[in-house]
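J.: File follows, upload06.csv with CSV, C-alpha atoms:
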```
chain,number,residue,atom,x,y,z
A,20,MET,CA,14.3,-13.4,-16.6
A,21,ARG,CA,17.5,-11.6,-15.6
A,22,ARG,CA,18.6,-12.1,-12.0
A,23,HIS,CA,20.4,-9.2,-10.2
A,24,GLY,CA,23.6,-9.7,-8.3
A,25,SER,CA,26.2,-7.4,-6.7
A,26,LEU,CA,23.6,-5.4,-4.9
A,27,TYR,CA,24.7,-5.5,-1.3
A,28,SER,CA,27.6,-3.0,-1.6
A,29,LYS,CA,25.0,-0.5,-2.9
A,30,ILE,CA,22.7,-1.2,0.1
A,31,VAL,CA,25.4,-0.8,2.7
A,32,ASP,CA,26.9,2.3,1.1
A,33,ILE,CA,27.0,5.1,3.6
A,34,ASP,CA,25.3,7.6,1.2
A,35,ASN,CA,22.5,5.1,0.7
A,36,LEU,CA,22.1,4.7,4.4
A,37,ARG,CA,22.0,8.5,4.9
A,38,LYS,CA,19.3,8.7,2.2
A,39,ALA,CA,17.4,5.8,4.0
A,40,TYR,CA,17.6,7.7,7.3
A,41,LEU,CA,16.1,10.8,5.7
A,42,ASN,CA,13.3,8.7,4.1
A,43,ALA,CA,12.6,6.9,7.4
A,44,LYS,CA,12.5,10.2,9.2
A,45,LYS,CA,9.8,11.8,7.1
A,46,GLY,CA,6.8,12.7,9.2
A,47,LYS,CA,8.5,11.4,12.3
A,48,GLY,CA,11.1,14.1,13.0
A,49,TRP,CA,9.3,15.0,16.3
A,50,GLN,CA,9.8,11.6,17.8
A,51,ASN,CA,12.4,11.3,20.6
A,52,THR,CA,13.9,8.2,19.1
A,53,VAL,CA,14.6,10.1,15.9
A,54,LYS,CA,16.0,13.1,17.8
A,55,ASN,CA,18.3,10.9,19.9
A,56,PHE,CA,19.6,9.1,16.8
A,57,GLU,CA,20.4,12.5,15.2
A,58,LYS,CA,22.6,13.6,18.2
A,59,ASN,CA,25.3,11.2,16.9
A,60,LEU,CA,24.1,10.8,13.3
A,61,GLU,CA,27.2,9.8,11.5
A,62,ASP,CA,28.4,7.5,14.2
A,63,ASN,CA,25.0,5.8,14.4
A,64,LEU,CA,24.9,5.3,10.6
A,65,LEU,CA,28.4,3.8,10.6
A,66,ALA,CA,27.3,1.4,13.3
A,67,ILE,CA,24.3,0.3,11.2
A,68,GLN,CA,26.7,-0.1,8.2
A,69,LYS,CA,29.1,-2.2,10.3
A,70,SER,CA,26.2,-4.5,11.5
A,71,LEU,CA,25.2,-5.1,7.9
A,72,ILE,CA,28.8,-5.7,6.7
A,73,ASP,CA,29.5,-8.0,9.6
A,74,LYS,CA,26.0,-9.6,9.4
A,75,THR,CA,25.4,-9.1,13.1
A,76,PHE,CA,22.1,-7.4,12.3
A,77,THR,CA,18.9,-9.2,12.9
A,78,THR,CA,15.4,-7.8,12.8
A,79,SER,CA,14.3,-6.5,16.2
A,80,LYS,CA,11.5,-7.7,18.3
A,81,TYR,CA,8.1,-6.3,17.2
A,82,LYS,CA,5.7,-4.3,19.2
A,83,ILE,CA,2.1,-5.1,18.3
A,84,LYS,CA,-0.6,-2.5,18.2
A,85,THR,CA,-4.3,-3.2,17.4
A,86,ILE,CA,-6.2,-0.6,15.4
A,87,LYS,CA,-9.9,-0.6,14.7
A,88,GLU,CA,-10.2,1.9,11.7
A,89,PRO,CA,-10.9,1.3,8.9
A,90,LYS,CA,-11.1,-2.3,10.1
A,91,ARG,CA,-9.6,-4.2,13.1
A,92,ARG,CA,-6.1,-5.5,12.5
A,93,GLU,CA,-2.7,-5.8,14.1
A,94,ILE,CA,0.1,-3.4,13.3
A,95,PHE,CA,3.7,-4.6,13.9
A,96,ILE,CA,6.1,-1.8,14.9
A,97,LEU,CA,9.9,-1.9,14.6
A,98,PRO,CA,12.4,0.6,16.1
A,99,PHE,CA,13.4,3.6,13.9
A,100,ALA,CA,17.0,2.5,14.2
A,101,PRO,CA,18.3,0.2,12.9
A,102,ASP,CA,15.3,-1.6,11.4
A,103,ARG,CA,13.3,1.1,9.6
A,104,ILE,CA,16.4,2.7,8.3
A,105,ILE,CA,17.7,-0.6,7.0
A,106,GLN,CA,14.4,-1.5,5.3
A,107,HIS,CA,14.5,1.9,3.5
A,108,ALA,CA,18.1,1.3,2.5
A,109,LEU,CA,17.2,-2.1,1.1
A,110,MET,CA,14.2,-0.7,-0.9
A,111,ASN,CA,16.2,2.2,-2.2
A,112,ILE,CA,18.1,-0.4,-4.3
A,113,LEU,CA,15.4,-3.0,-4.9
A,114,GLU,CA,12.4,-0.7,-5.7
A,115,PRO,CA,13.4,0.0,-9.4
A,116,ILE,CA,14.2,-3.7,-9.9
A,117,TRP,CA,10.9,-4.9,-8.6
A,118,ASP,CA,8.8,-2.1,-10.0
A,119,SER,CA,9.9,-3.0,-13.5
A,120,LEU,CA,8.3,-6.4,-13.0
A,121,PHE,CA,4.8,-5.1,-12.3
A,122,ILE,CA,1.9,-4.7,-14.7
A,123,PHE,CA,0.7,-1.2,-15.6
A,124,ASP,CA,-2.5,-1.6,-13.7
A,125,SER,CA,-1.0,-2.4,-10.3
A,126,TYR,CA,-1.5,0.8,-8.3
A,127,ALA,CA,-0.5,0.2,-4.6
A,128,CYS,CA,2.7,1.8,-3.2
A,129,ARG,CA,4.2,2.8,-6.5
A,130,LYS,CA,5.5,6.1,-7.7
A,131,GLY,CA,3.2,7.7,-10.3
A,132,LYS,CA,0.3,5.3,-9.4
A,133,GLY,CA,-1.9,5.3,-6.3
A,134,ILE,CA,-5.6,5.5,-5.5
A,135,HIS,CA,-6.6,8.3,-7.8
A,136,LYS,CA,-4.8,7.0,-10.8
A,137,GLY,CA,-6.4,3.6,-10.1
A,138,SER,CA,-9.8,5.3,-9.8
A,139,GLN,CA,-9.3,6.9,-13.2
A,140,ARG,CA,-8.5,3.6,-14.8
A,141,THR,CA,-11.5,2.0,-13.0
A,142,MET,CA,-13.8,4.6,-14.7
A,143,ARG,CA,-12.3,3.7,-18.1
A,144,ALA,CA,-13.1,0.0,-17.4
A,145,VAL,CA,-16.6,0.8,-16.1
A,146,ARG,CA,-17.4,2.9,-19.2
A,147,ASN,CA,-16.2,0.1,-21.6
A,148,ASN,CA,-17.8,-2.9,-20.0
A,149,LYS,CA,-21.1,-4.2,-18.7
A,150,TYR,CA,-19.9,-6.5,-15.9
A,151,CYS,CA,-17.4,-6.5,-13.1
A,152,LEU,CA,-15.8,-9.3,-11.2
A,153,LYS,CA,-14.6,-7.8,-7.9
A,154,MET,CA,-12.4,-9.8,-5.5
A,155,ASP,CA,-10.3,-9.4,-2.4
A,156,ILE,CA,-8.1,-11.8,-0.3
A,157,SER,CA,-9.0,-13.1,3.1
A,158,LYS,CA,-6.5,-11.9,5.7
A,159,PHE,CA,-3.9,-11.2,3.0
A,160,TYR,CA,-0.8,-10.2,4.9
A,161,PRO,CA,-1.2,-12.8,7.7
A,162,SER,CA,-1.8,-15.5,5.0
A,163,MET,CA,1.3,-14.9,2.9
A,164,GLU,CA,3.6,-17.9,3.2
A,165,HIS,CA,7.3,-17.1,3.8
A,166,ASP,CA,8.6,-19.9,1.7
A,167,ILE,CA,6.5,-18.9,-1.3
A,168,LEU,CA,7.5,-15.2,-0.9
A,169,PHE,CA,11.2,-16.0,-0.6
A,170,LYS,CA,11.0,-18.3,-3.7
A,171,ILE,CA,9.4,-15.4,-5.6
A,172,VAL,CA,12.2,-13.0,-4.4
A,173,LYS,CA,14.9,-15.4,-5.7
A,174,LYS,CA,13.4,-15.3,-9.2
A,175,LYS,CA,14.9,-11.8,-9.6
A,176,ILE,CA,17.6,-11.5,-6.9
A,177,LYS,CA,20.7,-13.7,-6.8
A,178,CYS,CA,23.0,-11.6,-4.7
A,179,PRO,CA,23.7,-13.9,-1.6
A,180,ASP,CA,24.2,-11.1,0.9
A,181,THR,CA,21.0,-9.3,-0.2
A,182,LEU,CA,19.1,-12.5,0.0
A,183,TRP,CA,20.4,-13.0,3.5
A,184,LEU,CA,19.0,-9.6,4.6
A,185,ILE,CA,15.7,-10.2,2.8
A,186,LYS,CA,15.3,-13.6,4.4
A,187,ASP,CA,16.0,-12.2,7.8
A,188,ILE,CA,13.1,-9.7,7.4
A,189,ILE,CA,10.7,-12.2,5.8
A,190,TYR,CA,11.1,-14.9,8.5
A,191,SER,CA,11.4,-12.4,11.4
A,192,ILE,CA,7.8,-12.9,12.4
A,193,GLY,CA,8.2,-16.6,13.2
A,194,ASN,CA,6.1,-19.6,11.9
A,195,ASN,CA,5.8,-19.8,8.1
A,196,LYS,CA,3.1,-17.2,7.5
A,197,ASN,CA,2.5,-13.5,8.1
A,198,VAL,CA,4.1,-10.5,6.5
A,199,PRO,CA,3.8,-7.9,9.2
A,200,ILE,CA,1.6,-4.9,8.4
A,201,GLY,CA,3.7,-1.9,9.4
A,202,ASN,CA,7.0,-2.9,7.9
A,203,TYR,CA,8.1,-0.6,5.0
A,204,THR,CA,9.1,-3.7,3.0
A,205,SER,CA,5.7,-5.4,3.5
A,206,GLN,CA,3.9,-3.3,1.0
A,207,TRP,CA,6.5,-4.3,-1.6
A,208,PHE,CA,6.4,-7.9,-0.6
A,209,GLY,CA,2.6,-7.8,-1.0
A,210,ASN,CA,3.0,-6.4,-4.5
A,211,LEU,CA,5.6,-9.0,-5.4
A,212,TYR,CA,3.4,-11.8,-4.1
A,213,MET,CA,0.3,-10.6,-6.0
A,214,ASN,CA,2.3,-9.9,-9.1
A,215,GLU,CA,2.2,-13.7,-9.7
A,216,LEU,CA,-1.6,-13.4,-10.1
A,217,ASP,CA,-1.2,-10.2,-12.2
A,218,GLN,CA,1.1,-11.9,-14.7
A,219,PHE,CA,-1.2,-14.9,-14.8
A,220,MET,CA,-4.2,-12.7,-15.5
A,221,LYS,CA,-2.5,-10.7,-18.3
A,222,HIS,CA,-0.4,-13.4,-20.0
A,223,ASN,CA,-2.4,-16.6,-19.4
A,224,CYS,CA,-5.9,-15.4,-19.1
A,225,LYS,CA,-5.5,-12.5,-21.5
A,226,VAL,CA,-7.7,-10.2,-19.4
A,227,LYS,CA,-7.7,-6.7,-20.9
A,228,TYR,CA,-9.5,-4.8,-18.1
A,229,TYR,CA,-7.9,-5.9,-14.8
A,230,ILE,CA,-6.9,-3.5,-12.0
A,231,ARG,CA,-5.3,-4.3,-8.7
A,232,TYR,CA,-4.6,-2.3,-5.5
A,233,CYS,CA,-2.9,-4.4,-2.9
A,234,ASP,CA,-5.2,-7.4,-2.3
A,235,ASP,CA,-8.3,-5.8,-3.9
A,236,PHE,CA,-8.7,-6.4,-7.6
A,237,CYS,CA,-11.3,-6.2,-10.4
A,238,ALA,CA,-11.7,-7.7,-13.8
A,239,TYR,CA,-14.2,-6.4,-16.4
A,240,SER,CA,-15.9,-7.8,-19.4
A,241,ASN,CA,-19.0,-7.6,-21.6
A,242,ASP,CA,-19.3,-11.4,-21.4
A,243,LEU,CA,-20.9,-12.4,-18.1
A,244,LYS,CA,-20.2,-16.1,-18.6
A,245,GLN,CA,-16.5,-15.3,-19.1
A,246,LEU,CA,-16.3,-13.6,-15.7
A,247,HIS,CA,-17.9,-16.5,-13.9
A,248,GLU,CA,-15.4,-18.9,-15.5
A,249,LEU,CA,-12.6,-16.5,-14.7
A,250,ARG,CA,-13.7,-16.5,-11.0
A,251,ASN,CA,-13.1,-20.2,-10.8
A,252,ILE,CA,-9.8,-20.0,-12.6
A,253,ILE,CA,-8.5,-17.3,-10.2
A,254,GLU,CA,-9.7,-19.2,-7.1
A,255,ASP,CA,-7.8,-22.3,-8.2
A,256,PHE,CA,-4.7,-20.3,-9.0
A,257,LEU,CA,-4.7,-18.5,-5.6
A,258,LYS,CA,-5.3,-21.8,-3.8
A,259,VAL,CA,-2.6,-23.8,-5.6
A,260,GLU,CA,0.1,-21.2,-6.3
A,261,LEU,CA,-0.1,-18.7,-3.5
A,262,LYS,CA,-2.1,-20.5,-0.7
A,263,LEU,CA,-4.6,-17.7,-0.6
A,264,LYS,CA,-8.4,-17.6,-0.6
A,265,PHE,CA,-11.1,-15.1,-1.4
A,266,SER,CA,-12.7,-12.9,1.3
A,267,LYS,CA,-15.2,-11.6,-1.1
A,268,CYS,CA,-15.9,-12.4,-4.8
A,269,ASP,CA,-18.9,-10.9,-6.7
A,270,VAL,CA,-20.0,-10.6,-10.3
A,271,PHE,CA,-22.4,-7.8,-11.0
A,272,GLN,CA,-23.4,-5.1,-13.6
A,273,VAL,CA,-21.2,-2.0,-13.5
A,274,LYS,CA,-24.3,0.2,-13.6
A,275,GLN,CA,-24.8,-0.8,-9.9
A,276,GLY,CA,-21.6,1.0,-9.1
A,277,VAL,CA,-18.1,-0.5,-8.5
A,278,ASP,CA,-17.0,0.1,-4.9
A,279,PHE,CA,-13.3,0.2,-5.2
A,280,LEU,CA,-10.4,2.4,-3.9
A,281,GLY,CA,-12.7,4.4,-1.6
A,282,TYR,CA,-15.0,5.5,-4.3
A,283,ARG,CA,-18.2,4.2,-5.9
A,284,HIS,CA,-17.7,4.2,-9.7
A,285,PHE,CA,-20.7,4.6,-12.0
A,286,PRO,CA,-20.5,5.0,-15.8
A,287,ASN,CA,-21.2,8.7,-15.6
A,288,TYR,CA,-20.1,9.8,-12.2
A,289,ILE,CA,-18.1,8.9,-9.0
A,290,LEU,CA,-19.3,9.1,-5.4
A,291,LEU,CA,-17.4,8.6,-2.2
A,292,ARG,CA,-17.8,5.2,-0.5
A,293,LYS,CA,-20.4,5.5,2.2
A,294,SER,CA,-17.9,4.6,5.0
A,295,THR,CA,-15.4,7.1,3.6
A,296,ALA,CA,-18.1,9.8,3.5
A,297,LYS,CA,-19.0,9.2,7.1
A,298,ARG,CA,-15.3,9.6,8.1
A,299,VAL,CA,-15.0,12.8,6.1
A,300,LYS,CA,-18.1,14.3,7.7
A,301,LYS,CA,-16.9,13.4,11.2
A,302,ARG,CA,-13.5,14.9,10.4
A,303,LEU,CA,-14.9,18.2,9.0
A,304,ILE,CA,-17.1,18.6,12.1
A,305,ARG,CA,-14.5,17.9,14.7
A,306,MET,CA,-11.4,19.5,13.3
A,307,PRO,CA,-12.2,23.2,14.1
A,308,LYS,CA,-13.2,22.2,17.6
A,309,MET,CA,-10.0,20.2,18.1
A,310,LEU,CA,-7.9,23.2,16.9
A,311,ARG,CA,-9.7,25.5,19.4
A,312,LEU,CA,-9.1,23.2,22.3
A,313,GLY,CA,-5.5,22.8,21.4
A,314,LEU,CA,-5.8,19.0,20.7
A,315,ILE,CA,-4.1,19.5,17.3
A,316,ASN,CA,-1.8,22.2,16.1
A,317,LYS,CA,-2.2,24.5,13.1
A,318,GLU,CA,0.0,22.3,10.8
A,319,GLN,CA,-2.1,19.2,11.7
A,320,PHE,CA,-5.3,21.2,10.9
A,321,ARG,CA,-3.9,22.3,7.6
A,322,SER,CA,-2.8,18.8,6.7
A,323,SER,CA,-6.1,17.2,7.6
A,324,ILE,CA,-8.1,19.7,5.6
A,325,ALA,CA,-5.8,19.3,2.6
A,326,SER,CA,-6.1,15.5,2.9
A,327,THR,CA,-9.9,15.8,3.0
A,328,TRP,CA,-9.9,18.0,-0.1
A,329,GLY,CA,-7.6,15.5,-1.8
A,330,TRP,CA,-10.3,12.8,-1.4
A,331,LEU,CA,-13.3,15.0,-2.3
A,332,LYS,CA,-12.0,16.6,-5.4
A,333,TRP,CA,-11.9,13.3,-7.3
A,334,ALA,CA,-15.6,12.6,-6.8
A,335,ASP,CA,-19.0,14.3,-7.2
A,336,THR,CA,-19.1,15.7,-3.7
A,337,TYR,CA,-20.4,19.3,-4.2
A,338,ASN,CA,-23.3,18.9,-1.8
A,339,LEU,CA,-21.1,17.4,0.9
A,340,GLN,CA,-18.5,20.2,0.4
A,341,PHE,CA,-21.3,22.8,0.6
A,342,LYS,CA,-23.0,21.3,3.7
A,343,TYR,CA,-19.8,21.1,5.7
A,344,ARG,CA,-18.4,24.4,4.5
A,345,LEU,CA,-15.2,23.0,3.1
A,346,ASP,CA,-14.4,26.2,1.2
A,347,GLU,CA,-14.5,28.2,4.4
A,348,LEU,CA,-12.3,25.6,6.2
A,349,MET,CA,-9.8,25.7,3.4
A,350,GLN,CA,-9.6,29.5,3.4
A,351,PHE,CA,-9.3,29.5,7.2
A,352,SER,CA,-6.5,26.9,7.0
A,353,ASN,CA,-4.6,29.0,4.5
A,354,ASN,CA,-4.9,32.1,6.6
A,355,ILE,CA,-4.0,30.9,10.1
A,356,ASN,CA,-0.5,31.8,11.2
```
Please express the file's structure as structure tokens.
T.:
Amino acid sequence: MRRHGSLYSKIVDIDNLRKAYLNAKKGKGWQNTVKNFEKNLEDNLLAIQKSLIDKTFTTSKYKIKTIKEPKRREIFILPFAPDRIIQHALMNILEPIWDSLFIFDSYACRKGKGIHKGSQRTMRAVRNNKYCLKMDISKFYPSMEHDILFKIVKKKIKCPDTLWLIKDIIYSIGNNKNVPIGNYTSQWFGNLYMNELDQFMKHNCKVKYYIRYCDDFCAYSNDLKQLHELRNIIEDFLKVELKLKFSKCDVFQVKQGVDFLGYRHFPNYILLRKSTAKRVKKRLIRMPKMLRLGLINKEQFRSSIASTWGWLKWADTYNLQFKYRLDELMQFSNNIN
């Protein structure tokens, strides 16, 4: 495997930092921290560049926020500058290198992939197989071991300065476990970590129908015994190589429906996952009222309706759309000034 060197000069290049700033700013331009940074944009970018060249940069202290939807978990928040800008600058250079390692059927946080492409591939697997082995990892991000992750990183990266920066980010949380949910780099670290399993599944186990999104993954076969054996093989691999364990692991007939990526996949149709449908119904009921009361602005209303339609159009949801008058809401959202 070719290892990449001479990356750091590209990371600290001022044009790359400027691009990283724009990427980090997306959807956050209204925040005061972003506005304040922009007041002396070039000077602030040069200061970030200097901290990287001099290696005086170190990852800032995290703020921790607990969220309850879709499930309870801790989100770790870093400042816009310098941390989020630096993480984007790093991934601007590393993304094409790491993306080239991943299997075709890895769908999380990759350009041209995503939930809906993964759902389409899931339908192909469901239509060509009788059985599904569905698995997910228990407390995936908090369970990732720093030493294992950094060892995986070094398989592809040999540039000492780049490794210094990556190591600072990986070990910033303390202890020897936990890749913080909330870091831009974390989604890539997660993909890199689980790519070890992906490669094992495709090259060692020769599994044809295998699809992964983050720490949720499914294997399919017409041989029930094969899937039960595969379950044990995967469990051993995760325990020994990645120090991970299952949260859930089920083998079942695909005609029962494969609940994956927010949808329930049946051989002849797709439904929304029940929990997703509940959230959609709640959103469609409350959004017009929130707009009337001034709790959201017109742009937020448009964005929410468009997002809802983005979920519904990929499934058989005619009755739900009709009941909650989605067509009317979309027309209204297009016409409001």
J.: Which is closest to Ile189 in chain A among A:Asp166, A:Glu114, A:Asp217, A:Glu254, if we use only C-alpha atoms?
T.: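 Nearest candidate to Ile189 in chain A out of A:Asp166, A:Glu114, A:Asp217, A:Glu254: A:Asp166.
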J.: Counting all atoms listed in the file, which of A:Gly281, A:Pro101, A:Pro307, A:Gly201 gets nearest to Glu347 in chain A?
T.: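 Under the stated criterion, the closest residue is A:Pro307.
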J.: Please, what distance in Å, to one decimal, runs between CA of Met220 in chain A and CA of Asp155 in chain A?
T.: 14.8 Å
J.: Can you list, as a compact mmCIF listing (two decimals) with C-alpha atoms, in the frame of the given file, every protein, DNA or RNA residue that comes within 12 Å of Lys267 in chain A when you count all atoms listed in the file, leaving out same-chain residues fewer than 5 positions away?
T.:
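Written file, part-v7.txt:
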```
# COMPACT_ATOMS: atom_id res chain seq x y z
CA LEU A 152 -15.80 -9.30 -11.20
CA LYS A 153 -14.60 -7.80 -7.90
CA MET A 154 -12.40 -9.80 -5.50
CA ASP A 155 -10.30 -9.40 -2.40
CA ILE A 156 -8.10 -11.80 -0.30
CA SER A 157 -9.00 -13.10 3.10
CA LYS A 158 -6.50 -11.90 5.70
CA ASP A 234 -5.20 -7.40 -2.30
CA ASP A 235 -8.30 -5.80 -3.90
CA PHE A 236 -8.70 -6.40 -7.60
CA CYS A 237 -11.30 -6.20 -10.40
CA ARG A 250 -13.70 -16.50 -11.00
CA GLU A 254 -9.70 -19.20 -7.10
```
J.: Quick check, in Å to one decimal: how far apart do CA of Pro98 in chain A and CA of Asn51 in chain A lie?
T.: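 Between CA of Pro98 in chain A and CA of Asn51 in chain A the gap works out to 11.6 Å.
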J.: Please determine the residues with any atom at most 12 Å from (-24.1, 3.6, -13.1) (coordinates as given in the file, with all atoms listed in the file counting) and report them as JSON, numbers by chain.
T.: {"A": [142, 145, 146, 148, 149, 150, 271, 272, 273, 274, 275, 276, 277, 278, 283, 284, 285, 286, 287, 288, 289, 290]}
J.: Record the distance separating CA of Asn214 in chain A and CA of Leu243 in chain A, expressed in Å with one decimal.
T.: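 Computed distance, CA of Asn214 in chain A to CA of Leu243 in chain A, equals 25.0 Å.
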J.: Which residue gives the smallest distance to Tyr160 in chain A among A:Arg302, A:Lys196, A:His23, A:Arg103, with all atoms listed in the file counted?
T.: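 Closest residue, counting all atoms listed in the file: A:Lys196.
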J.: Counting only C-alpha atoms, what is within 8 Å of Ile200 in chain A, bar same-chain residues fewer than 6 positions away, as an mmCIF file with C-alpha atoms, keeping the file's coordinate frame?
T.:
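Final file, out-v8.cif:
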```
data_model
loop_
_atom_site.group_PDB
_atom_site.id
_atom_site.type_symbol
_atom_site.label_atom_id
_atom_site.label_comp_id
_atom_site.auth_asym_id
_atom_site.auth_seq_id
_atom_site.Cartn_x
_atom_site.Cartn_y
_atom_site.Cartn_z
ATOM 1 C CA GLU A 93 -2.700 -5.800 14.100
ATOM 2 C CA ILE A 94 0.100 -3.400 13.300
ATOM 3 C CA PHE A 95 3.700 -4.600 13.900
ATOM 4 C CA TYR A 160 -0.800 -10.200 4.900
ATOM 5 C CA GLN A 206 3.900 -3.300 1.000
#
```
J.: Quick one: of A:Arg231, A:Lys244, A:Lys332, A:Lys132, who's nearest to Leu291 in chain A, counting only C-alpha atoms?
T.: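 Counting only C-alpha atoms, the residue closest to Leu291 in chain A is A:Lys332.
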J.: At a cut-off of 12 Å, using all atoms listed in the file, what residues contact Arg344 in chain A? Leave out same-chain residues fewer than 3 positions from it and give the result as an MDAnalysis selection string.
T.: chainID A and resid 300 303:304 307 324 328 336:341 347:351
J.: Pick from A:Gln218, A:Thr141, A:Asn210, A:Ser28: nearest to Val172 in chain A, with only C-alpha atoms counted?
T.: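 Nearest candidate to Val172 in chain A out of A:Gln218, A:Thr141, A:Asn210, A:Ser28: A:Asn210.
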J.: Nearest to His247 in chain A: which of A:Arg91, A:Cys151, A:Phe76, A:Val198 is it, counting all atoms listed in the file?
T.: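 That would be A:Cys151, the residue with the smallest distance to His247 in chain A.
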J.: Residues within 12 Å of (16.6, -4.6, -3.7), file coordinates, counting all atoms listed in the file: what are they? Give the list as JSON, numbers by chain.
T.: {"A": [22, 23, 24, 25, 26, 27, 28, 29, 30, 31, 105, 106, 107, 108, 109, 110, 111, 112, 113, 114, 115, 116, 117, 118, 119, 172, 173, 175, 176, 177, 178, 179, 180, 181, 182, 183, 184, 185, 204, 207, 208, 211]}
J.: Find the residues around Met306 in chain A up to 9 Å (all atoms listed in the file counted), leave out those fewer than 4 positions away in its own chain, and share them as a ChimeraX atom specification.
T.: /A:301-302,310-311,315,320,323-324
J.: May I ask you to restore all heavy atoms in range 23-29 of chain A and write the result as a tab-separated table (two decimals), keeping the file's coordinate frame?
T.:
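Contents of selection18.tsv, freshly written:
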```tsv
chain	number	residue	atom	x	y	z
A	23	HIS	N	19.47	-10.30	-10.58
A	23	HIS	CA	20.40	-9.20	-10.20
A	23	HIS	C	21.35	-9.70	-9.10
A	23	HIS	O	20.92	-10.24	-8.08
A	23	HIS	CB	19.65	-8.01	-9.76
A	23	HIS	CG	18.92	-7.31	-10.87
A	23	HIS	ND1	19.38	-6.15	-11.46
A	23	HIS	CD2	17.78	-7.63	-11.52
A	23	HIS	CE1	18.55	-5.78	-12.41
A	23	HIS	NE2	17.57	-6.66	-12.46
A	24	GLY	N	22.64	-9.48	-9.30
A	24	GLY	CA	23.60	-9.70	-8.30
A	24	GLY	C	24.37	-8.46	-7.92
A	24	GLY	O	24.05	-7.37	-8.41
A	25	SER	N	25.37	-8.57	-7.06
A	25	SER	CA	26.20	-7.40	-6.70
A	25	SER	C	25.41	-6.21	-6.23
A	25	SER	O	25.67	-5.07	-6.63
A	25	SER	CB	27.13	-7.04	-7.85
A	25	SER	OG	27.89	-8.13	-8.28
A	26	LEU	N	24.41	-6.46	-5.38
A	26	LEU	CA	23.60	-5.40	-4.90
A	26	LEU	C	23.95	-4.90	-3.49
A	26	LEU	O	23.68	-3.76	-3.11
A	26	LEU	CB	22.09	-5.83	-4.86
A	26	LEU	CG	21.47	-6.23	-6.20
A	26	LEU	CD1	20.09	-6.83	-5.97
A	26	LEU	CD2	21.39	-5.03	-7.12
A	27	TYR	N	24.57	-5.78	-2.72
A	27	TYR	CA	24.70	-5.50	-1.30
A	27	TYR	C	25.65	-4.31	-1.02
A	27	TYR	O	25.39	-3.54	-0.08
A	27	TYR	CB	25.30	-6.75	-0.59
A	27	TYR	CG	25.02	-6.79	0.89
A	27	TYR	CD1	23.71	-6.83	1.37
A	27	TYR	CD2	26.06	-6.79	1.83
A	27	TYR	CE1	23.45	-6.87	2.73
A	27	TYR	CE2	25.81	-6.84	3.18
A	27	TYR	CZ	24.49	-6.87	3.63
A	27	TYR	OH	24.23	-6.91	4.98
A	28	SER	N	26.68	-4.14	-1.83
A	28	SER	CA	27.60	-3.00	-1.60
A	28	SER	C	26.82	-1.68	-1.81
A	28	SER	O	27.15	-0.68	-1.16
A	28	SER	CB	28.75	-3.06	-2.61
A	28	SER	OG	28.28	-3.05	-3.95
A	29	LYS	N	25.81	-1.68	-2.67
A	29	LYS	CA	25.00	-0.50	-2.90
A	29	LYS	C	24.07	-0.25	-1.66
A	29	LYS	O	23.85	0.89	-1.25
A	29	LYS	CB	24.14	-0.61	-4.13
A	29	LYS	CG	24.95	-0.77	-5.40
A	29	LYS	CD	24.03	-1.00	-6.59
A	29	LYS	CE	24.83	-1.26	-7.87
A	29	LYS	NZ	23.93	-1.54	-9.02
```
